[in-house]
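Participant: My questions will all concern the structure given below.
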Protein chains: 2
Amino acid sequence: VGAGAIGGFYGGKLAQAGAHVSTVVRSDYQVVVSQGFRITSSLGDFTFRPERVLRSAAEADYRPDFILVATKVLPQVSTADLIRPAVGEGTTIVLIQNGIEIESSVAEAFPNNELISGLAFIAVSRSGPGRIHHQDFGRLTIGVYPTGTSDRARLLKGLLESVGVSCEITPDIAAARWEKLLWNAPFNPISVLAGAVDTREILSNEAATALVRKVMEDVCAIAASTGHELPESIIERYIENTAAMKPYKTSMLRDYEAKRPLEVEAMLGNAIRIAARTDVHVPHLQTLYALLKLSDEKNRSAGTPG
Amino acid sequence: VGAGAIGGFYGGKLAQAGAHVSTVVRSDYQVVVSQGFRITSSLGDFTFRPERVLRSAAEADYRPDFILVATKVLPQVSTADLIRPAVGEGTTIVLIQNGIEIESSVAEAFPNNELISGLAFIAVSRSGPGRIHHQDFGRLTIGVYPTGTSDRARLLKGLLESVGVSCEITPDIAAARWEKLLWNAPFNPISVLAGAVDTREILSNEAATALVRKVMEDVCAIAASTGHELPESIIERYIENTAAMKPYKTSMLRDYEAKRPLEVEAMLGNAIRIAARTDVHVPHLQTLYALLKLSDEKNRSAGTPG
């Protein structure tokens, strides 16, 4: 569900591994029906022809073993509503989405279904209708929500690894989400707010690099307040690794430039609300959040200032 | 010196009052020589034909009573170097510029000259070559640097008020600079960083309005640490007044859109350096500063992210 770049890529790899994969596609429906997804990838180019192409989960006349959700997490979209018509008794729900505390509403809506929560470490983008370009990386980190692992998680891992996609199972997916937010919380907002900059431009600027550290410290403080102490060395390691990789344009910047809504709430808003509950002061993160809220609102309205 | 919108307007009004006003103009030199400044103004339209039009202060073969400086305050421009050739024994230097602690380098360079520091509360912009549009307001607040008043300050006030421009003399111009920064520090950066928003758009967004308050609190804390306690009610009053005025596009946003350098250091950098000296924690201001440094750098470079 939500077969954009991420959903199309992992769906395609699972199909390659022998799974029966159908997709729910909206915008590229016609082209996917007629020619499938054409995927250029560092793991080898391939075409992914879904078993069935649906416009919505309501069109599914069967109950799948897995429903993979790879939509953006936005306040105006209810993941539970999106998948409800297709969720059966034995369906495992797999969320491949960014953000913090994004699982709770789905877990509440389907208390008897297994819920696997996943994070994609991948550089992949939609390069045209039905076209996906997988630039780099691809690791999926998954865990059963709220904690633990399962046979279904191991099955997913096995399928993905059989076609060259690395997949890691963690017993503590919440910790993994904080670690990923540690990168996303500074780089995604800064890339948008500073006027379309890539990771290299951010880390070439002294003041901006200092800000990256401060925002990461804010995130570490919130994570620690929820019992997830991140390793001390992680901030410098993340900065060094980012400086070493080729300049990367964040997904939030891509969304901003395409005038798509930004995942401000899932990434920053939820973290800030947790900070308020646990009484942690996160002024740098708060400032990015406020600017991004305004920026997102402005970006999707037609007007320009007078 | 620096006869842009501000310099051209006040210079023109002083000429109207009977002063002999010459101007140093660079970009619009030819048009100003041939037809002067054409100024549309809520105080009445007028044409300002400077006594002499110079390309630089070095062309002045006399030593004026006053040198008004209305340039932007940028790290790469030394105000002292700019005016040095024209500064005589009896010359009073008048700075009409934004920012904090912008006077010290000029005071050090000309220790025997009177230095008047001024702030313009005016909505005025260059509407074309040699053309200035005075939209609203116009009050000048001046004071002798570092404190006090003088006959020359009173003379300036008298001239301006004789042609309808209100001019206020303050014995504590540093306090007035902190008060002006209180407005500039949130609204100027936010207008740029959130993707070209005006004052109304900022104050229509709840998160952004909360940020305005936080940045103002940071500025109040720095001002207080230097002995300038701002009145408690000032933050709410500034926000209410700004909400009540018609939507305003900040000068920093205009500069950004014209790809001109931003006064990041004069406005935010100097304030943050004072905060570091007085050990005041200003994380919201610091975040705006870092984003603006990067934004300004990016805006003036040719490249776009890959």
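As shown in the structure tokens, the chain order sets the letters A, B, ...; within each chain, residues go from 1, and ligands are also counted from 1 in the order they appear.
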Show me a table, sorted first by chain and then by increasing residue number, of the residues of chain A having an atom at most 9 Å from chain B, each with its shortest atom pair and the distance in Å to one decimal, counting only C-alpha atoms and written as CSV.
Facilitator:
```
residue,atom,partner,partner_atom,distance
A:Ile190,CA,B:Leu291,CA,7.0
A:Val192,CA,B:Leu193,CA,8.6
A:Leu193,CA,B:Leu193,CA,5.1
A:Ala194,CA,B:Ser295,CA,4.3
A:Gly195,CA,B:Ser295,CA,5.7
A:Ala196,CA,B:Pro305,CA,6.7
A:Val197,CA,B:Pro305,CA,5.8
A:Asp198,CA,B:Pro305,CA,5.6
A:Glu201,CA,B:Leu294,CA,8.0
A:Ile202,CA,B:Leu294,CA,7.1
A:Asn205,CA,B:Leu294,CA,6.3
A:Glu206,CA,B:Ala290,CA,8.3
A:Ala207,CA,B:Ala290,CA,4.7
A:Ala208,CA,B:Ala290,CA,5.0
A:Thr209,CA,B:Ala290,CA,8.4
A:Ala210,CA,B:Ala290,CA,7.8
A:Leu211,CA,B:Ala290,CA,6.4
A:Lys214,CA,B:Thr287,CA,8.9
A:Pro247,CA,B:Gly306,CA,7.6
A:Tyr248,CA,B:Gly306,CA,7.8
A:Lys249,CA,B:Pro305,CA,6.9
A:Pro283,CA,B:Pro283,CA,6.0
A:His284,CA,B:Thr287,CA,6.0
A:Leu285,CA,B:Thr287,CA,8.9
A:Gln286,CA,B:Leu211,CA,8.1
A:Thr287,CA,B:His284,CA,6.0
A:Leu288,CA,B:Thr287,CA,7.8
A:Tyr289,CA,B:Ala207,CA,7.7
A:Ala290,CA,B:Ala207,CA,4.7
A:Leu291,CA,B:Ala194,CA,5.5
A:Leu292,CA,B:Ala194,CA,6.7
A:Lys293,CA,B:Ala207,CA,6.9
A:Leu294,CA,B:Ala194,CA,5.9
A:Ser295,CA,B:Ala194,CA,4.2
A:Asp296,CA,B:Ala194,CA,8.0
A:Glu297,CA,B:Asn205,CA,8.6
A:Lys298,CA,B:Gly195,CA,7.2
A:Asn299,CA,B:Gly195,CA,7.4
A:Thr304,CA,B:Val197,CA,7.5
A:Pro305,CA,B:Asp198,CA,5.6
A:Gly306,CA,B:Lys249,CA,7.0
```
Participant: Determine which residues of segment 91-189 of chain A receive a DSSP assignment of strand (DSSP E or B), computed from the backbone, and state them as a ChimeraX atom specification.
Facilitator: /A:92-96,115-128,131-144,167-169
Participant: Show which residues sit within 10 Å of Gly99 of chain A, as a ChimeraX atom specification. Count only C-alpha atoms, and ignore same-chain residues fewer than 2 positions away.
Facilitator: /A:72-73,97,101-103,119,177-178,180-181,184-185,263-271
Participant: Where does segment 111-221 of chain A meet segment 18-36 of chain A within 10 Å, residue by residue, with the nearest atom pair and distance in Å to one decimal for each, counting only C-alpha atoms, listed by chain and rising number, as JSON lines?
Facilitator:
```
{"residue": "A:Gly128", "atom": "CA", "partner": "A:Asp28", "partner_atom": "CA", "distance": 9.1}
{"residue": "A:Pro129", "atom": "CA", "partner": "A:Asp28", "partner_atom": "CA", "distance": 5.6}
{"residue": "A:Gly130", "atom": "CA", "partner": "A:Val32", "partner_atom": "CA", "distance": 5.5}
{"residue": "A:Arg131", "atom": "CA", "partner": "A:Gly36", "partner_atom": "CA", "distance": 8.7}
{"residue": "A:Leu156", "atom": "CA", "partner": "A:Ala19", "partner_atom": "CA", "distance": 9.9}
{"residue": "A:Leu159", "atom": "CA", "partner": "A:Gly18", "partner_atom": "CA", "distance": 7.9}
{"residue": "A:Ser162", "atom": "CA", "partner": "A:Gly18", "partner_atom": "CA", "distance": 9.7}
{"residue": "A:Val163", "atom": "CA", "partner": "A:Gly18", "partner_atom": "CA", "distance": 9.7}
```
Participant: Between atom CA of Pro231 of chain B and atom CA of Gly143 of chain B, measure the distance and give it in Å to one decimal.
Facilitator: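 A separation of 19.8 Å between them.
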Participant: Smallest atom-to-atom distance to Ala70 of chain B: which of B:Ala221, B:Ile96, B:Ile122, B:Leu140, using only C-alpha atoms?
Facilitator: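 For Ala70 of chain B, the nearest of the given residues is B:Ile96.
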Participant: Between atom CA of Pro261 of chain A and atom CA of Ser56 of chain A, what is the distance in Å, rounded to a tenth?
Facilitator: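 Going from atom CA of Pro261 of chain A over to atom CA of Ser56 of chain A covers 20.5 Å.
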Participant: Counting only C-alpha atoms, what is within 9 Å of Ile67 of chain A, bar same-chain residues fewer than 4 positions away, as a PyMOL selection string?
Facilitator: chain A and resi 1+83+86-87+91-95
Participant: Could you take the residues named above and write them with N, CA and C atoms, as a PDB file, in the first residue's frame?
Facilitator:
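This is the output file part_27.pdb:
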```
ATOM      1  N   VAL A   1       0.850  -1.188   0.000  1.00  0.00           N
ATOM      2  CA  VAL A   1       0.000   0.000   0.000  1.00  0.00           C
ATOM      3  C   VAL A   1       0.886   1.240   0.000  1.00  0.00           C
ATOM      4  N   ILE A  83      -5.816   0.689   5.127  1.00  0.00           N
ATOM      5  CA  ILE A  83      -5.604  -0.745   4.937  1.00  0.00           C
ATOM      6  C   ILE A  83      -6.763  -1.605   5.422  1.00  0.00           C
ATOM      7  N   ALA A  86      -8.580  -4.618   3.699  1.00  0.00           N
ATOM      8  CA  ALA A  86      -7.812  -5.792   3.268  1.00  0.00           C
ATOM      9  C   ALA A  86      -7.202  -6.582   4.421  1.00  0.00           C
ATOM     10  N   VAL A  87      -7.360  -6.082   5.633  1.00  0.00           N
ATOM     11  CA  VAL A  87      -6.738  -6.761   6.774  1.00  0.00           C
ATOM     12  C   VAL A  87      -7.592  -7.960   7.202  1.00  0.00           C
ATOM     13  N   THR A  91      -3.437 -11.567   8.865  1.00  0.00           N
ATOM     14  CA  THR A  91      -2.588 -10.610   8.152  1.00  0.00           C
ATOM     15  C   THR A  91      -1.586  -9.937   9.092  1.00  0.00           C
ATOM     16  N   THR A  92      -0.317  -9.977   8.702  1.00  0.00           N
ATOM     17  CA  THR A  92       0.708  -9.218   9.432  1.00  0.00           C
ATOM     18  C   THR A  92       0.859  -7.868   8.749  1.00  0.00           C
ATOM     19  N   ILE A  93       0.768  -6.835   9.556  1.00  0.00           N
ATOM     20  CA  ILE A  93       0.910  -5.482   9.007  1.00  0.00           C
ATOM     21  C   ILE A  93       2.362  -5.045   9.161  1.00  0.00           C
ATOM     22  N   VAL A  94       2.947  -4.577   8.069  1.00  0.00           N
ATOM     23  CA  VAL A  94       4.350  -4.140   8.091  1.00  0.00           C
ATOM     24  C   VAL A  94       4.405  -2.665   7.717  1.00  0.00           C
ATOM     25  N   LEU A  95       4.865  -1.832   8.618  1.00  0.00           N
ATOM     26  CA  LEU A  95       4.988  -0.401   8.319  1.00  0.00           C
ATOM     27  C   LEU A  95       6.441  -0.099   7.941  1.00  0.00           C
TER      28      LEU A  95
END
```
Participant: Could you jot down the atom CA of Pro146 of chain A to atom CA of Ala109 of chain A separation for me, Å, one decimal place?
Facilitator: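 If I compute the distance from atom CA of Pro146 of chain A to atom CA of Ala109 of chain A, I get 14.5 Å.
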Participant: So which bits of segment 190-276 of chain A end up alpha helix (DSSP H) when you DSSP the backbone, as a count of residues only?
Facilitator: 55
Participant: Could you pull the residues within 12 Å of Ala224 of chain B, counting only C-alpha atoms, minus those fewer than 3 positions along the same chain, as JSON, numbers by chain?
Facilitator: {"B": [174, 175, 178, 179, 217, 218, 219, 220, 221, 227, 228, 229, 230, 231, 232, 271, 274, 275, 278, 279, 280]}
Participant: Residues as selected, N, CA and C atoms, written as a short mmCIF file (atom, residue, chain, number, x, y, z; two decimals), in the first residue's frame, can you do that?
Facilitator:
```cif
data_model
loop_
_atom_site.label_atom_id
_atom_site.label_comp_id
_atom_site.auth_asym_id
_atom_site.auth_seq_id
_atom_site.Cartn_x
_atom_site.Cartn_y
_atom_site.Cartn_z
N ALA B 174 21.88 52.42 22.59
CA ALA B 174 22.09 50.96 22.67
C ALA B 174 20.78 50.26 23.05
N ALA B 175 20.07 50.86 24.01
CA ALA B 175 18.78 50.27 24.41
C ALA B 175 17.81 50.27 23.22
N TRP B 178 18.57 47.41 20.96
CA TRP B 178 18.03 46.13 21.45
C TRP B 178 16.53 46.05 21.17
N GLU B 179 15.85 47.15 21.37
CA GLU B 179 14.39 47.15 21.10
C GLU B 179 14.11 46.89 19.63
N GLU B 217 12.29 36.43 23.56
CA GLU B 217 12.77 36.18 24.94
C GLU B 217 14.28 36.03 24.97
N ASP B 218 14.83 35.36 23.95
CA ASP B 218 16.29 35.25 23.86
C ASP B 218 16.92 36.64 23.78
N VAL B 219 16.37 37.51 22.93
CA VAL B 219 16.93 38.86 22.76
C VAL B 219 16.82 39.64 24.07
N CYS B 220 15.68 39.56 24.73
CA CYS B 220 15.51 40.24 26.02
C CYS B 220 16.56 39.78 27.02
N ALA B 221 16.84 38.48 27.00
CA ALA B 221 17.82 37.95 27.96
C ALA B 221 19.21 38.52 27.68
N GLY B 227 22.75 45.09 30.67
CA GLY B 227 22.27 46.21 31.47
C GLY B 227 21.09 46.95 30.87
N HIS B 228 20.55 46.40 29.78
CA HIS B 228 19.39 47.04 29.15
C HIS B 228 18.16 46.16 29.34
N GLU B 229 17.53 46.33 30.47
CA GLU B 229 16.33 45.55 30.78
C GLU B 229 15.18 46.11 29.93
N LEU B 230 14.61 45.31 29.05
CA LEU B 230 13.48 45.81 28.25
C LEU B 230 12.19 45.62 29.05
N PRO B 231 11.22 46.50 28.85
CA PRO B 231 9.98 46.39 29.62
C PRO B 231 9.29 45.05 29.38
N GLU B 232 8.71 44.50 30.44
CA GLU B 232 8.12 43.16 30.38
C GLU B 232 7.04 43.00 29.31
N ALA B 271 24.74 39.77 18.30
CA ALA B 271 23.94 39.50 19.51
C ALA B 271 24.37 38.17 20.15
N ILE B 274 27.65 38.48 21.94
CA ILE B 274 27.47 39.11 23.25
C ILE B 274 26.91 38.09 24.24
N ALA B 275 25.97 37.29 23.80
CA ALA B 275 25.38 36.26 24.67
C ALA B 275 26.46 35.29 25.15
N THR B 278 28.40 37.06 27.86
CA THR B 278 27.67 37.27 29.13
C THR B 278 27.06 35.97 29.63
N ASP B 279 27.36 34.87 28.91
CA ASP B 279 26.95 33.54 29.34
C ASP B 279 25.43 33.38 29.38
N VAL B 280 24.79 33.86 28.35
CA VAL B 280 23.34 33.72 28.24
C VAL B 280 23.05 32.67 27.17
#
```
Participant: So which residues touch Ser125 of chain B within 12 Å, counting only C-alpha atoms, skipping near sequence neighbours fewer than 2 positions away, as a list of chain:residue names?
Facilitator: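 Residues meeting the cut-off are B:Ala3, B:Gly4, B:Ala5, B:Ile6, B:Gly7, B:Gly8, B:Phe9, B:Ile39, B:Thr40, B:Ser41, B:Ile122, B:Ala123, B:Ser127, B:Gly128, B:Pro129, B:Gly130, B:Arg131, B:Ile132, B:His133, B:His134, B:Gln135, B:Asp136, B:Lys249, B:Thr250, B:Ser251, B:Met252, B:Arg254, B:Asp255.
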